[in-house]
Structures are given as structure tokens and as C-alpha cells.
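Asks: The structure follows.
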Amino acid sequence: MIKRYLAAMLTATSFTVSVCAMAQAMSSGEYSAAKDSVEADYNSAKASCGSLADNAKDICMAEAKGKKEVAKAELDARYRPSKNADYKVAEAKAEADYAVARAKCNDQSGDAKDICVKQAKAAMAKAKADAKAQ
């Protein structure tokens with residue numbers, strides 16, 4: 001019952017956010033500036049990963065790239081609002097979460113790693129299916 005309630009709340013919240021995003025269309029100048037800002041944020045996040053080593057660096061890079069892709073998808077959705085743009089945002093979030101989870105799985109070995117990767121794939125597939133259903 002709690003899971004259904006949480007799912008309903010998340011759905012309502014995401015619907016509200018997407019409606020608000022559609023109401024705030026951007027001009028091409030704002031879009032270009034925001035796009036440059038996303039790139040700058042990515043470059044700074046990527047630079048902060050430079051001090052890390054091994055798998056921690058891989059996780060950091062996956063998080064940075066995921067945030068960039070999600071931010072770009074959200075930006076495109078605000079610039080040209082549509083159901084397809086909303087789907088692309090959800091898809092970008094699912095793929096970003098998968099990339100980070102997959103990088104985290106590399107810390108493990110053997111069966112634990114296999115299970116971790118399968119769980120990450122299942123979570124991504126579920127997120128994409130939910131996005132498609134909406």
C-alpha cells in the first residue's frame with residue numbers, strides 16, 4: 001500500500017513538474033546560455049573527478065556525464081515542450097542512473113557483481129517502461 005501511495009505521489013509530482021516546465025518556454029538566447037551553462041557545469045564536474053583514482057573516478061565521471069545528459073534533456077524539454085521531450089528526460093534519467101549503478105557494480109566481483117548488474121539493468125528497464133507508459 002505504501003509503495004502504491006509513493007508511486008502515485010511521484011507520478012503526480014512529475015506531472016506537475018512537466019506541466020510547469022511546459023508553461024515556461026524559453027527564448028533561443030536563454031536556451032543558448034543555458035546550454036553553455038550545462039557544458040560549463042559538466043567541465044567543472046569532470047575536472048573535480050581528476051583527483052580521484054580507479055573506480056571512484058569512473059563513478060564520478062558517470063555521475064557527471066549523467067547529470068549533463070539529464071540537464072540537456074530537461075533543457076530541450078523546456079525549450080520545445082512535448083510529450084516526446086518529457087519521455088527523453090525520463091529516458092536520460094534512467095540511463096544516467098544505470099551508468100552510475102553499473103560503475104558502482106565494478107567495485108564488486110563474482111556473483112555479487114553479476115547480481116548488481118542485473119539489478120541495475122532491471123531498474124533501467126522499469127524506469128524506461130514507466131516513462132513510455134506516461
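Convention: chains lettered A, B, ... in C-alpha cells order; per-chain residue numbering from 1; ligands numbered from 1 as shown.
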Which residues, written as a list in words, have at least one atom at most 12 Å from Ala122 (chain A), with only C-alpha atoms counted and residues fewer than 3 positions away on the same chain left out?
Replies: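 Here the qualifying residues turn out to be Ala94, Glu95, Asp97, Tyr98, Ala101, Arg102, Ile115, Cys116, Val117, Lys118, Gln119, Ala125, Lys126, Ala127, Lys128 and Ala129 of chain A.
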Asks: Could you list, as an MDAnalysis selection string, every residue within 8 Å of region 27-35 of chain A, counting only C-alpha atoms and ignoring same-chain residues fewer than 4 positions away?
Replies: chainID A and resid 39 72 75 79
Asks: Write the residues of the preceding selection, restricted to C-alpha atoms, as a short mmCIF file (atom, residue, chain, number, x, y, z; two decimals), in the first residue's frame.
Replies:
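Contents of the output file part.cif:
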data_model
loop_
_atom_site.label_atom_id
_atom_site.label_comp_id
_atom_site.auth_asym_id
_atom_site.auth_seq_id
_atom_site.Cartn_x
_atom_site.Cartn_y
_atom_site.Cartn_z
CA GLU A 39 28.62 22.42 -20.56
CA LYS A 72 20.43 18.75 -21.63
CA LEU A 75 16.69 21.99 -21.22
CA TYR A 79 12.79 24.87 -24.97
#
Asks: List the spatial neighbours of region 50-55 of chain A as a ChimeraX atom specification - criterion: any atom at most 12 Å away, only C-alpha atoms, same-chain residues fewer than 6 positions off excluded.
Replies: /A:43-44,61-62,64,100-108
Asks: Figure out the distance between CA of Tyr42 (chain A) and CA of Glu63 (chain A), please, to one decimal in Å.
Replies: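 Atom-to-atom, CA of Glu63 (chain A) to CA of Tyr42 (chain A), that is 9.8 Å.
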Asks: Any idea what the distance is between CA of Gly66 (chain A) and CA of Ala131 (chain A)?
Replies: 17.2 Å
Asks: Suppose you want the space between CA of Val89 (chain A) and CA of Ala73 (chain A); what is it in Å?
Replies: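 These atoms are spaced 5.0 Å apart.
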